[in-house]
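Participant: Provided below: final03.txt, containing compact mmCIF, N, CA and C atoms.
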# COMPACT_ATOMS: atom_id res chain seq x y z
N MET A 1 0.80 -1.19 0.00
CA MET A 1 0.00 0.00 0.00
C MET A 1 0.85 1.27 0.00
N ILE A 2 1.94 1.19 0.65
CA ILE A 2 2.82 2.35 0.69
C ILE A 2 3.34 2.65 -0.71
N ASN A 3 3.62 1.65 -1.46
CA ASN A 3 4.09 1.87 -2.83
C ASN A 3 3.02 2.55 -3.69
N LEU A 4 1.74 2.23 -3.46
CA LEU A 4 0.67 2.89 -4.20
C LEU A 4 0.59 4.38 -3.87
N LYS A 5 0.77 4.72 -2.61
CA LYS A 5 0.73 6.13 -2.23
C LYS A 5 1.85 6.90 -2.93
N LYS A 6 3.03 6.31 -2.96
CA LYS A 6 4.14 6.97 -3.65
C LYS A 6 3.85 7.10 -5.14
N LEU A 7 3.22 6.11 -5.72
CA LEU A 7 2.89 6.16 -7.13
C LEU A 7 1.89 7.27 -7.42
N PHE A 8 0.86 7.42 -6.54
CA PHE A 8 -0.13 8.48 -6.73
C PHE A 8 0.50 9.87 -6.56
N ARG A 9 1.40 9.99 -5.64
CA ARG A 9 2.06 11.28 -5.45
C ARG A 9 2.86 11.67 -6.69
N ARG A 10 3.50 10.70 -7.29
CA ARG A 10 4.24 10.98 -8.50
C ARG A 10 3.31 11.45 -9.62
N LYS A 11 2.15 10.87 -9.73
CA LYS A 11 1.21 11.28 -10.77
C LYS A 11 0.72 12.69 -10.53
N LYS A 12 0.47 13.05 -9.28
CA LYS A 12 0.05 14.41 -8.99
C LYS A 12 1.15 15.39 -9.39
N GLY A 13 2.36 15.05 -9.07
CA GLY A 13 3.48 15.91 -9.45
C GLY A 13 3.65 15.97 -10.95
N GLN A 14 3.45 14.85 -11.60
CA GLN A 14 3.57 14.82 -13.05
C GLN A 14 2.46 15.66 -13.69
N GLY A 15 1.26 15.61 -13.15
CA GLY A 15 0.16 16.41 -13.66
C GLY A 15 0.42 17.89 -13.51
N ALA A 16 0.96 18.28 -12.37
CA ALA A 16 1.29 19.69 -12.15
C ALA A 16 2.36 20.16 -13.13
N LEU A 17 3.32 19.31 -13.41
CA LEU A 17 4.37 19.65 -14.36
C LEU A 17 3.78 19.81 -15.77
N GLU A 18 2.85 18.95 -16.13
CA GLU A 18 2.20 19.06 -17.44
C GLU A 18 1.42 20.37 -17.54
N TYR A 19 0.72 20.75 -16.47
CA TYR A 19 0.00 22.03 -16.47
C TYR A 19 0.96 23.20 -16.61
N LEU A 20 2.09 23.09 -15.98
CA LEU A 20 3.10 24.15 -16.07
C LEU A 20 3.58 24.31 -17.51
N PHE A 21 3.83 23.18 -18.19
CA PHE A 21 4.24 23.25 -19.60
C PHE A 21 3.12 23.81 -20.48
N MET A 22 1.88 23.47 -20.18
CA MET A 22 0.75 24.00 -20.96
C MET A 22 0.63 25.51 -20.78
N ILE A 23 0.83 25.98 -19.56
CA ILE A 23 0.79 27.43 -19.31
C ILE A 23 1.93 28.13 -20.05
N ALA A 24 3.12 27.53 -20.01
CA ALA A 24 4.27 28.11 -20.72
C ALA A 24 4.00 28.16 -22.22
N ALA A 25 3.42 27.09 -22.77
CA ALA A 25 3.11 27.08 -24.21
C ALA A 25 2.07 28.15 -24.55
N ALA A 26 1.07 28.32 -23.69
CA ALA A 26 0.04 29.34 -23.92
C ALA A 26 0.66 30.73 -23.89
N LEU A 27 1.57 30.98 -22.96
CA LEU A 27 2.23 32.28 -22.88
C LEU A 27 3.08 32.55 -24.12
N ILE A 28 3.74 31.53 -24.62
CA ILE A 28 4.54 31.69 -25.83
C ILE A 28 3.64 32.02 -27.01
N ILE A 29 2.51 31.33 -27.13
CA ILE A 29 1.58 31.60 -28.22
C ILE A 29 1.04 33.03 -28.12
N ILE A 30 0.69 33.46 -26.92
CA ILE A 30 0.18 34.83 -26.72
C ILE A 30 1.25 35.84 -27.11
N PHE A 31 2.51 35.60 -26.71
CA PHE A 31 3.61 36.50 -27.06
C PHE A 31 3.77 36.61 -28.57
N VAL A 32 3.73 35.46 -29.26
CA VAL A 32 3.90 35.46 -30.72
C VAL A 32 2.74 36.21 -31.39
N VAL A 33 1.52 36.01 -30.92
CA VAL A 33 0.36 36.69 -31.51
C VAL A 33 0.45 38.21 -31.30
N VAL A 34 0.80 38.63 -30.10
CA VAL A 34 0.93 40.06 -29.82
C VAL A 34 2.03 40.67 -30.67
N ARG A 35 3.12 39.98 -30.81
CA ARG A 35 4.24 40.47 -31.63
C ARG A 35 3.80 40.62 -33.10
N TYR A 36 3.06 39.64 -33.60
CA TYR A 36 2.60 39.69 -34.99
C TYR A 36 1.61 40.83 -35.19
N ILE A 37 0.70 41.00 -34.27
CA ILE A 37 -0.31 42.06 -34.40
C ILE A 37 0.34 43.43 -34.34
N SER A 38 1.30 43.63 -33.45
CA SER A 38 1.94 44.95 -33.36
C SER A 38 2.74 45.24 -34.62
N GLY A 39 3.39 44.24 -35.21
CA GLY A 39 4.12 44.44 -36.47
C GLY A 39 3.18 44.79 -37.61
N THR A 40 2.03 44.14 -37.65
CA THR A 40 1.04 44.42 -38.69
C THR A 40 0.48 45.82 -38.53
N GLY A 41 0.28 46.26 -37.30
CA GLY A 41 -0.22 47.62 -37.04
C GLY A 41 0.75 48.68 -37.51
N GLN A 42 2.04 48.46 -37.29
CA GLN A 42 3.04 49.43 -37.74
C GLN A 42 3.08 49.48 -39.26
N GLN A 43 2.97 48.33 -39.91
CA GLN A 43 2.98 48.29 -41.37
C GLN A 43 1.76 49.00 -41.93
N ALA A 44 0.61 48.81 -41.29
CA ALA A 44 -0.61 49.47 -41.75
C ALA A 44 -0.50 50.98 -41.60
N THR A 45 0.13 51.44 -40.53
CA THR A 45 0.33 52.87 -40.33
C THR A 45 1.21 53.45 -41.43
N SER A 46 2.27 52.74 -41.77
CA SER A 46 3.16 53.21 -42.83
C SER A 46 2.42 53.26 -44.17
N GLN A 47 1.62 52.25 -44.45
CA GLN A 47 0.86 52.23 -45.70
C GLN A 47 -0.16 53.37 -45.75
N SER A 48 -0.78 53.68 -44.61
CA SER A 48 -1.76 54.76 -44.61
C SER A 48 -1.07 56.12 -44.80
N ASP A 49 0.15 56.27 -44.28
CA ASP A 49 0.90 57.50 -44.50
C ASP A 49 1.20 57.70 -45.98
N ILE A 50 1.63 56.64 -46.65
CA ILE A 50 1.91 56.72 -48.08
C ILE A 50 0.63 57.03 -48.85
N ALA A 51 -0.47 56.39 -48.46
CA ALA A 51 -1.73 56.63 -49.15
C ALA A 51 -2.19 58.08 -49.01
N ALA A 52 -1.99 58.65 -47.83
CA ALA A 52 -2.36 60.06 -47.63
C ALA A 52 -1.52 60.98 -48.51
N LEU A 53 -0.22 60.69 -48.58
CA LEU A 53 0.65 61.52 -49.43
C LEU A 53 0.32 61.31 -50.91
N GLN A 54 -0.06 60.10 -51.29
CA GLN A 54 -0.43 59.86 -52.69
C GLN A 54 -1.71 60.62 -53.06
N SER A 55 -2.62 60.74 -52.10
CA SER A 55 -3.82 61.53 -52.39
C SER A 55 -3.47 63.01 -52.53
N GLN A 56 -2.49 63.49 -51.75
CA GLN A 56 -2.03 64.86 -51.92
C GLN A 56 -1.37 65.04 -53.29
N ALA A 57 -0.68 64.00 -53.74
CA ALA A 57 -0.06 64.06 -55.07
C ALA A 57 -1.13 64.22 -56.15
N GLU A 58 -2.26 63.55 -55.96
CA GLU A 58 -3.37 63.69 -56.91
C GLU A 58 -3.91 65.12 -56.92
N LEU A 59 -4.00 65.73 -55.74
CA LEU A 59 -4.47 67.11 -55.66
C LEU A 59 -3.50 68.07 -56.34
N VAL A 60 -2.21 67.86 -56.11
CA VAL A 60 -1.21 68.71 -56.75
C VAL A 60 -1.27 68.53 -58.26
N LYS A 61 -1.43 67.29 -58.70
CA LYS A 61 -1.51 67.03 -60.14
C LYS A 61 -2.67 67.80 -60.77
N SER A 62 -3.84 67.71 -60.16
CA SER A 62 -4.99 68.41 -60.73
C SER A 62 -4.80 69.93 -60.68
N SER A 63 -4.18 70.42 -59.61
CA SER A 63 -3.92 71.85 -59.50
C SER A 63 -2.92 72.31 -60.57
N PHE A 64 -1.86 71.53 -60.75
CA PHE A 64 -0.85 71.89 -61.75
C PHE A 64 -1.40 71.78 -63.17
N GLN A 65 -2.25 70.79 -63.40
CA GLN A 65 -2.87 70.68 -64.73
C GLN A 65 -3.75 71.90 -65.01
N ALA A 66 -4.46 72.35 -63.99
CA ALA A 66 -5.32 73.53 -64.16
C ALA A 66 -4.49 74.78 -64.45
N LYS A 67 -3.29 74.87 -63.87
CA LYS A 67 -2.43 76.03 -64.08
C LYS A 67 -1.56 75.89 -65.33
N GLY A 68 -1.57 74.71 -65.95
CA GLY A 68 -0.75 74.48 -67.13
C GLY A 68 0.69 74.15 -66.81
N TRP A 69 0.98 73.76 -65.60
CA TRP A 69 2.35 73.47 -65.18
C TRP A 69 2.70 71.99 -65.27
N TRP A 70 1.72 71.12 -65.36
CA TRP A 70 1.95 69.69 -65.17
C TRP A 70 3.00 69.12 -66.13
N ASP A 71 2.96 69.47 -67.37
CA ASP A 71 3.88 68.89 -68.35
C ASP A 71 5.26 69.55 -68.35
N THR A 72 5.38 70.72 -67.74
CA THR A 72 6.65 71.44 -67.80
C THR A 72 7.36 71.58 -66.46
N ALA A 73 6.66 71.54 -65.35
CA ALA A 73 7.25 71.83 -64.05
C ALA A 73 8.30 70.80 -63.65
N LYS A 74 9.30 71.30 -62.93
CA LYS A 74 10.37 70.45 -62.39
C LYS A 74 10.59 70.82 -60.92
N VAL A 75 11.11 69.84 -60.18
CA VAL A 75 11.43 70.08 -58.77
C VAL A 75 12.88 69.71 -58.51
N GLN A 76 13.44 70.38 -57.53
CA GLN A 76 14.82 70.12 -57.12
C GLN A 76 14.84 70.17 -55.60
N TYR A 77 15.56 69.21 -54.99
CA TYR A 77 15.72 69.25 -53.53
C TYR A 77 17.19 69.39 -53.21
N THR A 78 17.50 70.39 -52.38
CA THR A 78 18.87 70.62 -51.94
C THR A 78 18.96 70.24 -50.47
N GLN A 79 19.71 69.19 -50.19
CA GLN A 79 19.78 68.64 -48.84
C GLN A 79 20.48 69.60 -47.87
N SER A 80 21.49 70.31 -48.33
CA SER A 80 22.25 71.19 -47.42
C SER A 80 21.39 72.31 -46.85
N SER A 81 20.47 72.84 -47.65
CA SER A 81 19.61 73.92 -47.16
C SER A 81 18.18 73.43 -46.88
N HIS A 82 17.94 72.14 -47.14
CA HIS A 82 16.61 71.55 -46.94
C HIS A 82 15.54 72.37 -47.65
N THR A 83 15.83 72.64 -48.93
CA THR A 83 14.94 73.46 -49.73
C THR A 83 14.45 72.67 -50.94
N LEU A 84 13.15 72.67 -51.14
CA LEU A 84 12.55 72.11 -52.34
C LEU A 84 12.20 73.28 -53.24
N THR A 85 12.70 73.28 -54.46
CA THR A 85 12.44 74.37 -55.40
C THR A 85 11.57 73.85 -56.53
N LEU A 86 10.52 74.58 -56.80
CA LEU A 86 9.62 74.28 -57.91
C LEU A 86 9.90 75.26 -59.04
N ASP A 87 10.18 74.75 -60.22
CA ASP A 87 10.35 75.58 -61.40
C ASP A 87 9.16 75.28 -62.30
N THR A 88 8.29 76.27 -62.49
CA THR A 88 7.01 76.02 -63.16
C THR A 88 7.12 75.87 -64.68
N ASP A 89 8.14 76.49 -65.30
CA ASP A 89 8.22 76.36 -66.76
C ASP A 89 9.23 75.31 -67.20
N GLY A 90 9.94 74.70 -66.25
CA GLY A 90 10.87 73.63 -66.57
C GLY A 90 12.17 74.08 -67.18
N ASP A 91 12.40 75.39 -67.25
CA ASP A 91 13.60 75.95 -67.85
C ASP A 91 14.81 75.73 -66.93
N THR A 92 14.61 75.79 -65.64
CA THR A 92 15.64 75.64 -64.58
C THR A 92 16.83 76.57 -64.78
N SER A 93 16.61 77.66 -65.45
CA SER A 93 17.68 78.64 -65.63
C SER A 93 17.89 79.40 -64.33
N THR A 94 18.82 80.28 -64.34
CA THR A 94 19.12 81.02 -63.13
C THR A 94 18.10 82.11 -62.82
N THR A 95 17.24 82.41 -63.77
CA THR A 95 16.20 83.40 -63.47
C THR A 95 15.19 82.78 -62.53
N THR A 96 14.81 83.55 -61.55
CA THR A 96 13.96 82.99 -60.50
C THR A 96 12.52 83.49 -60.57
N ASP A 97 12.12 84.06 -61.70
CA ASP A 97 10.76 84.57 -61.79
C ASP A 97 9.72 83.45 -61.80
N ASP A 98 10.15 82.25 -62.14
CA ASP A 98 9.22 81.13 -62.18
C ASP A 98 9.63 80.02 -61.21
N GLN A 99 10.51 80.33 -60.25
CA GLN A 99 10.97 79.34 -59.28
C GLN A 99 10.46 79.71 -57.89
N TYR A 100 10.02 78.69 -57.19
CA TYR A 100 9.45 78.90 -55.85
C TYR A 100 10.14 77.96 -54.86
N PRO A 101 10.91 78.51 -53.92
CA PRO A 101 11.58 77.66 -52.93
C PRO A 101 10.68 77.42 -51.70
N TYR A 102 10.72 76.21 -51.18
CA TYR A 102 9.96 75.84 -49.99
C TYR A 102 10.90 75.14 -49.01
N THR A 103 10.84 75.54 -47.77
CA THR A 103 11.68 74.92 -46.74
C THR A 103 11.04 73.62 -46.28
N VAL A 104 11.87 72.58 -46.18
CA VAL A 104 11.41 71.26 -45.75
C VAL A 104 11.78 71.08 -44.29
N THR A 105 10.81 70.73 -43.46
CA THR A 105 11.07 70.51 -42.04
C THR A 105 11.17 69.02 -41.75
N GLN A 106 12.04 68.70 -40.81
CA GLN A 106 12.26 67.30 -40.46
C GLN A 106 11.03 66.68 -39.81
N SER A 107 10.32 67.45 -39.01
CA SER A 107 9.17 66.89 -38.32
C SER A 107 8.03 66.57 -39.28
N ASP A 108 7.86 67.36 -40.34
CA ASP A 108 6.77 67.11 -41.28
C ASP A 108 7.16 66.13 -42.39
N TYR A 109 8.40 66.18 -42.85
CA TYR A 109 8.83 65.36 -43.99
C TYR A 109 10.18 64.71 -43.69
N PRO A 110 10.21 63.72 -42.79
CA PRO A 110 11.50 63.15 -42.35
C PRO A 110 12.27 62.44 -43.46
N ASN A 111 11.60 61.77 -44.38
CA ASN A 111 12.30 61.05 -45.44
C ASN A 111 12.93 62.01 -46.44
N LEU A 112 12.19 63.02 -46.83
CA LEU A 112 12.72 64.01 -47.76
C LEU A 112 13.83 64.82 -47.10
N TYR A 113 13.64 65.18 -45.83
CA TYR A 113 14.61 65.98 -45.09
C TYR A 113 15.98 65.28 -45.05
N SER A 114 15.96 63.97 -44.90
CA SER A 114 17.23 63.24 -44.76
C SER A 114 17.71 62.63 -46.08
N SER A 115 16.99 62.87 -47.18
CA SER A 115 17.42 62.29 -48.45
C SER A 115 18.55 63.11 -49.06
N SER A 116 19.21 62.53 -50.03
CA SER A 116 20.28 63.26 -50.72
C SER A 116 19.65 64.20 -51.75
N ASP A 117 20.49 65.00 -52.38
CA ASP A 117 20.00 65.97 -53.36
C ASP A 117 19.22 65.28 -54.48
N ILE A 118 18.17 65.94 -54.92
CA ILE A 118 17.42 65.52 -56.09
C ILE A 118 17.60 66.64 -57.11
N SER A 119 18.29 66.32 -58.19
CA SER A 119 18.57 67.33 -59.20
C SER A 119 17.39 67.42 -60.16
N TRP A 120 17.02 68.58 -60.54
CA TRP A 120 15.87 68.92 -61.36
C TRP A 120 15.18 67.70 -61.99
N GLU A 121 14.11 67.32 -61.38
CA GLU A 121 13.32 66.17 -61.84
C GLU A 121 11.95 66.66 -62.27
N ALA A 122 11.47 66.12 -63.37
CA ALA A 122 10.14 66.49 -63.86
C ALA A 122 9.10 66.07 -62.83
N VAL A 123 8.11 66.92 -62.65
CA VAL A 123 7.04 66.64 -61.68
C VAL A 123 6.33 65.33 -62.06
N THR A 124 6.17 65.09 -63.35
CA THR A 124 5.50 63.86 -63.79
C THR A 124 6.30 62.62 -63.38
N SER A 125 7.62 62.71 -63.47
CA SER A 125 8.47 61.60 -63.06
C SER A 125 8.40 61.39 -61.54
N ALA A 126 8.43 62.48 -60.80
CA ALA A 126 8.31 62.39 -59.34
C ALA A 126 6.95 61.81 -58.95
N TYR A 127 5.92 62.20 -59.68
CA TYR A 127 4.57 61.67 -59.43
C TYR A 127 4.53 60.16 -59.64
N ASN A 128 5.13 59.69 -60.73
CA ASN A 128 5.15 58.25 -61.01
C ASN A 128 5.89 57.48 -59.92
N LYS A 129 6.99 58.03 -59.43
CA LYS A 129 7.74 57.38 -58.35
C LYS A 129 6.93 57.35 -57.06
N CYS A 130 6.18 58.42 -56.82
CA CYS A 130 5.31 58.47 -55.63
C CYS A 130 4.24 57.40 -55.73
N GLN A 131 3.60 57.31 -56.88
CA GLN A 131 2.54 56.31 -57.06
C GLN A 131 3.08 54.89 -56.98
N ALA A 132 4.37 54.71 -57.25
CA ALA A 132 5.00 53.39 -57.12
C ALA A 132 5.34 53.06 -55.67
N GLY A 133 5.14 54.03 -54.76
CA GLY A 133 5.35 53.77 -53.34
C GLY A 133 6.60 54.38 -52.74
N ASN A 134 7.32 55.23 -53.46
CA ASN A 134 8.53 55.86 -52.93
C ASN A 134 8.10 57.03 -52.03
N ILE A 135 8.29 56.85 -50.73
CA ILE A 135 7.80 57.85 -49.74
C ILE A 135 8.52 59.19 -49.89
N THR A 136 9.77 59.19 -50.28
CA THR A 136 10.51 60.45 -50.44
C THR A 136 9.85 61.31 -51.51
N TYR A 137 9.50 60.71 -52.63
CA TYR A 137 8.86 61.47 -53.70
C TYR A 137 7.43 61.85 -53.33
N CYS A 138 6.77 61.02 -52.53
CA CYS A 138 5.44 61.39 -52.06
C CYS A 138 5.51 62.61 -51.14
N GLU A 139 6.58 62.70 -50.35
CA GLU A 139 6.74 63.86 -49.47
C GLU A 139 6.98 65.14 -50.27
N ILE A 140 7.54 65.03 -51.47
CA ILE A 140 7.67 66.21 -52.32
C ILE A 140 6.28 66.79 -52.59
N PHE A 141 5.34 65.92 -52.87
CA PHE A 141 3.98 66.39 -53.13
C PHE A 141 3.29 66.87 -51.86
N GLY A 142 3.70 66.34 -50.73
CA GLY A 142 3.20 66.87 -49.46
C GLY A 142 3.61 68.32 -49.28
N VAL A 143 4.89 68.61 -49.60
CA VAL A 143 5.39 69.98 -49.51
C VAL A 143 4.66 70.86 -50.51
N LEU A 144 4.54 70.40 -51.73
CA LEU A 144 3.87 71.20 -52.77
C LEU A 144 2.40 71.42 -52.46
N ALA A 145 1.74 70.42 -51.89
CA ALA A 145 0.32 70.56 -51.55
C ALA A 145 0.13 71.61 -50.47
N SER A 146 0.97 71.60 -49.46
CA SER A 146 0.81 72.58 -48.38
C SER A 146 1.26 73.97 -48.81
N ALA A 147 2.18 74.06 -49.77
CA ALA A 147 2.72 75.35 -50.18
C ALA A 147 1.89 76.01 -51.26
N THR A 148 1.26 75.22 -52.12
CA THR A 148 0.55 75.80 -53.26
C THR A 148 -0.94 75.85 -53.06
N SER A 149 -1.42 75.47 -51.89
CA SER A 149 -2.88 75.50 -51.67
C SER A 149 -3.36 76.87 -51.26
Render the structure in this file as structure tokens.

Facilitator:
Amino acid sequence: MINLKKLFRRKKGQGALEYLFMIAAALIIIFVVVRYISGTGQQATSQSDIAALQSQAELVKSSFQAKGWWDTAKVQYTQSSHTLTLDTDGDTSTTTDDQYPYTVTQSDYPNLYSSSDISWEAVTSAYNKCQAGNITYCEIFGVLASATS
């Protein structure tokens, strides 16, 4: 009879150990799910930021088409002065009667602020890169949308 008591005690201990492993497995599953959900949330936020800038690009496009600038306008970004310059006739000459400089702030446009120089690029080309998902070029339209509205 004494041997049976020892046998039952071992089973109780074994059962407790199994419950402990089940709790550990549940915690691991919860950790993995939370990690996955938080990563998906960050990705969704990034995608919504790009979508918002792409909609601003559409507004700038329609505005520039109405002004007759869409086919000729060019933009240039100078990293040293954090200045985005719009040249409306696409001439990019030294005359500044058709050039409009806009200051880029790091808090509003972090990707553009930290990007390297962009030498006179056609607005249509920048628009296509924005629509392809390039956040730096989308931020160009963010600057233009806030400056030309």

Participant: Counting only C-alpha atoms, I want the residues whose atoms come within 10 Å of (-0.4, 66.7, -55.1) in the file frame, returned as a list in words.

Facilitator: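 The answer, in the requested form, is Leu53, Gln54, Ser55, Gln56, Ala57, Glu58, Leu59, Val60, Lys61, Ser62, Ser63, Phe64, Val123, Tyr127, Cys138, Glu139, Ile140, Phe141, Gly142, Val143, Leu144, Ala145, Ser146, Thr148 and Ser149 of chain A.
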
Participant: Generate the output file for the selected residues, N, CA and C atoms, as a PDB file, in the frame of the given file.

Facilitator:
ATOM      1  N   LEU A  53      -0.220  60.690 -48.580  1.00  0.00           N
ATOM      2  CA  LEU A  53       0.650  61.520 -49.430  1.00  0.00           C
ATOM      3  C   LEU A  53       0.320  61.310 -50.910  1.00  0.00           C
ATOM      4  N   GLN A  54      -0.060  60.100 -51.290  1.00  0.00           N
ATOM      5  CA  GLN A  54      -0.430  59.860 -52.690  1.00  0.00           C
ATOM      6  C   GLN A  54      -1.710  60.620 -53.060  1.00  0.00           C
ATOM      7  N   SER A  55      -2.620  60.740 -52.100  1.00  0.00           N
ATOM      8  CA  SER A  55      -3.820  61.530 -52.390  1.00  0.00           C
ATOM      9  C   SER A  55      -3.470  63.010 -52.530  1.00  0.00           C
ATOM     10  N   GLN A  56      -2.490  63.490 -51.750  1.00  0.00           N
ATOM     11  CA  GLN A  56      -2.030  64.860 -51.920  1.00  0.00           C
ATOM     12  C   GLN A  56      -1.370  65.040 -53.290  1.00  0.00           C
ATOM     13  N   ALA A  57      -0.680  64.000 -53.740  1.00  0.00           N
ATOM     14  CA  ALA A  57      -0.060  64.060 -55.070  1.00  0.00           C
ATOM     15  C   ALA A  57      -1.130  64.220 -56.150  1.00  0.00           C
ATOM     16  N   GLU A  58      -2.260  63.550 -55.960  1.00  0.00           N
ATOM     17  CA  GLU A  58      -3.370  63.690 -56.910  1.00  0.00           C
ATOM     18  C   GLU A  58      -3.910  65.120 -56.920  1.00  0.00           C
ATOM     19  N   LEU A  59      -4.000  65.730 -55.740  1.00  0.00           N
ATOM     20  CA  LEU A  59      -4.470  67.110 -55.660  1.00  0.00           C
ATOM     21  C   LEU A  59      -3.500  68.070 -56.340  1.00  0.00           C
ATOM     22  N   VAL A  60      -2.210  67.860 -56.110  1.00  0.00           N
ATOM     23  CA  VAL A  60      -1.210  68.710 -56.750  1.00  0.00           C
ATOM     24  C   VAL A  60      -1.270  68.530 -58.260  1.00  0.00           C
ATOM     25  N   LYS A  61      -1.430  67.290 -58.700  1.00  0.00           N
ATOM     26  CA  LYS A  61      -1.510  67.030 -60.140  1.00  0.00           C
ATOM     27  C   LYS A  61      -2.670  67.800 -60.770  1.00  0.00           C
ATOM     28  N   SER A  62      -3.840  67.710 -60.160  1.00  0.00           N
ATOM     29  CA  SER A  62      -4.990  68.410 -60.730  1.00  0.00           C
ATOM     30  C   SER A  62      -4.800  69.930 -60.680  1.00  0.00           C
ATOM     31  N   SER A  63      -4.180  70.420 -59.610  1.00  0.00           N
ATOM     32  CA  SER A  63      -3.920  71.850 -59.500  1.00  0.00           C
ATOM     33  C   SER A  63      -2.920  72.310 -60.570  1.00  0.00           C
ATOM     34  N   PHE A  64      -1.860  71.530 -60.750  1.00  0.00           N
ATOM     35  CA  PHE A  64      -0.850  71.890 -61.750  1.00  0.00           C
ATOM     36  C   PHE A  64      -1.400  71.780 -63.170  1.00  0.00           C
ATOM     37  N   VAL A 123       8.110  66.920 -62.650  1.00  0.00           N
ATOM     38  CA  VAL A 123       7.040  66.640 -61.680  1.00  0.00           C
ATOM     39  C   VAL A 123       6.330  65.330 -62.060  1.00  0.00           C
ATOM     40  N   TYR A 127       5.920  62.200 -59.680  1.00  0.00           N
ATOM     41  CA  TYR A 127       4.570  61.670 -59.430  1.00  0.00           C
ATOM     42  C   TYR A 127       4.530  60.160 -59.640  1.00  0.00           C
ATOM     43  N   CYS A 138       6.770  61.020 -52.530  1.00  0.00           N
ATOM     44  CA  CYS A 138       5.440  61.390 -52.060  1.00  0.00           C
ATOM     45  C   CYS A 138       5.510  62.610 -51.140  1.00  0.00           C
ATOM     46  N   GLU A 139       6.580  62.700 -50.350  1.00  0.00           N
ATOM     47  CA  GLU A 139       6.740  63.860 -49.470  1.00  0.00           C
ATOM     48  C   GLU A 139       6.980  65.140 -50.270  1.00  0.00           C
ATOM     49  N   ILE A 140       7.540  65.030 -51.470  1.00  0.00           N
ATOM     50  CA  ILE A 140       7.670  66.210 -52.320  1.00  0.00           C
ATOM     51  C   ILE A 140       6.280  66.790 -52.590  1.00  0.00           C
ATOM     52  N   PHE A 141       5.340  65.920 -52.870  1.00  0.00           N
ATOM     53  CA  PHE A 141       3.980  66.390 -53.130  1.00  0.00           C
ATOM     54  C   PHE A 141       3.290  66.870 -51.860  1.00  0.00           C
ATOM     55  N   GLY A 142       3.700  66.340 -50.730  1.00  0.00           N
ATOM     56  CA  GLY A 142       3.200  66.870 -49.460  1.00  0.00           C
ATOM     57  C   GLY A 142       3.610  68.320 -49.280  1.00  0.00           C
ATOM     58  N   VAL A 143       4.890  68.610 -49.600  1.00  0.00           N
ATOM     59  CA  VAL A 143       5.390  69.980 -49.510  1.00  0.00           C
ATOM     60  C   VAL A 143       4.660  70.860 -50.510  1.00  0.00           C
ATOM     61  N   LEU A 144       4.540  70.400 -51.730  1.00  0.00           N
ATOM     62  CA  LEU A 144       3.870  71.200 -52.770  1.00  0.00           C
ATOM     63  C   LEU A 144       2.400  71.420 -52.460  1.00  0.00           C
ATOM     64  N   ALA A 145       1.740  70.420 -51.890  1.00  0.00           N
ATOM     65  CA  ALA A 145       0.320  70.560 -51.550  1.00  0.00           C
ATOM     66  C   ALA A 145       0.130  71.610 -50.470  1.00  0.00           C
ATOM     67  N   SER A 146       0.970  71.600 -49.460  1.00  0.00           N
ATOM     68  CA  SER A 146       0.810  72.580 -48.380  1.00  0.00           C
ATOM     69  C   SER A 146       1.260  73.970 -48.810  1.00  0.00           C
ATOM     70  N   THR A 148       1.260  75.220 -52.120  1.00  0.00           N
ATOM     71  CA  THR A 148       0.550  75.800 -53.260  1.00  0.00           C
ATOM     72  C   THR A 148      -0.940  75.850 -53.060  1.00  0.00           C
ATOM     73  N   SER A 149      -1.420  75.470 -51.890  1.00  0.00           N
ATOM     74  CA  SER A 149      -2.880  75.500 -51.670  1.00  0.00           C
ATOM     75  C   SER A 149      -3.360  76.870 -51.260  1.00  0.00           C
TER      76      SER A 149
END

Participant: What does the distance between atom CA of A:Trp69 and atom CA of A:Ser125 come to in Å, to one decimal place?

Facilitator: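 That distance, rounded to one decimal, is 13.5 Å.
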
Participant: Which residue gives the smallest distance to A:Cys130 among A:Ile50, A:Thr85, A:Trp70, A:Ser38, with all atoms listed in the file counted?

Facilitator: A:Ile50

Participant: Would you work out the distance separating atom C of A:Tyr100 from atom N of A:Glu121, expressed in Å to one decimal?

Facilitator: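 Atom N of A:Glu121 lies 13.1 Å from atom C of A:Tyr100.
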
Participant: Which one is closest to A:Thr92: A:Asn128, A:Ser48, A:Gln65, A:Thr72? Count only C-alpha atoms.

Facilitator: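 For A:Thr92, the nearest of the candidates is A:Thr72.
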
Participant: By how many Å are atom CA of A:Ala122 and atom CA of A:Tyr102 apart?

Facilitator: 16.7 Å

Participant: Write out as a ChimeraX atom specification the set of residues from chain A that DSSP, computed on the backbone, places in alpha helix (DSSP H).

Facilitator: /A:2-67,110-113,123-131,135-148

Participant: For the point (19.5, 73.4, -48.6) in file coordinates, what residues are within 12 Å, counting only C-alpha atoms? Give the answer as a PyMOL selection string?

Facilitator: chain A and resi 76-85+101-105+112-118

Participant: Go through A:Tyr36, A:Gly90, A:Ser107, A:Lys74 and flag the residue nearest A:Ser119, using all atoms listed in the file for the distances.

Facilitator: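 Among A:Tyr36, A:Gly90, A:Ser107, A:Lys74, it is A:Lys74 that comes nearest to A:Ser119.
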
Participant: Report the centre and edge lengths, in Å to one decimal, of an axis-aligned box enclosing every atom of stretch 132-140 of chain A listed in the file, padded by 8 Å on each side, as AutoDock Vina command-line options.

Facilitator:
--center_x 7.4 --center_y 59.9 --center_z -53.4 --size_x 22.1 --size_y 29.7 --size_z 23.8

Participant: Taking all atoms listed in the file into account, name the residue in A:Thr136, A:Thr88, A:Gln131, A:Thr124 that is nearest to A:Tyr109.

Facilitator: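 Between A:Thr136, A:Thr88, A:Gln131, A:Thr124, the residue approaching A:Tyr109 most closely is A:Thr136.
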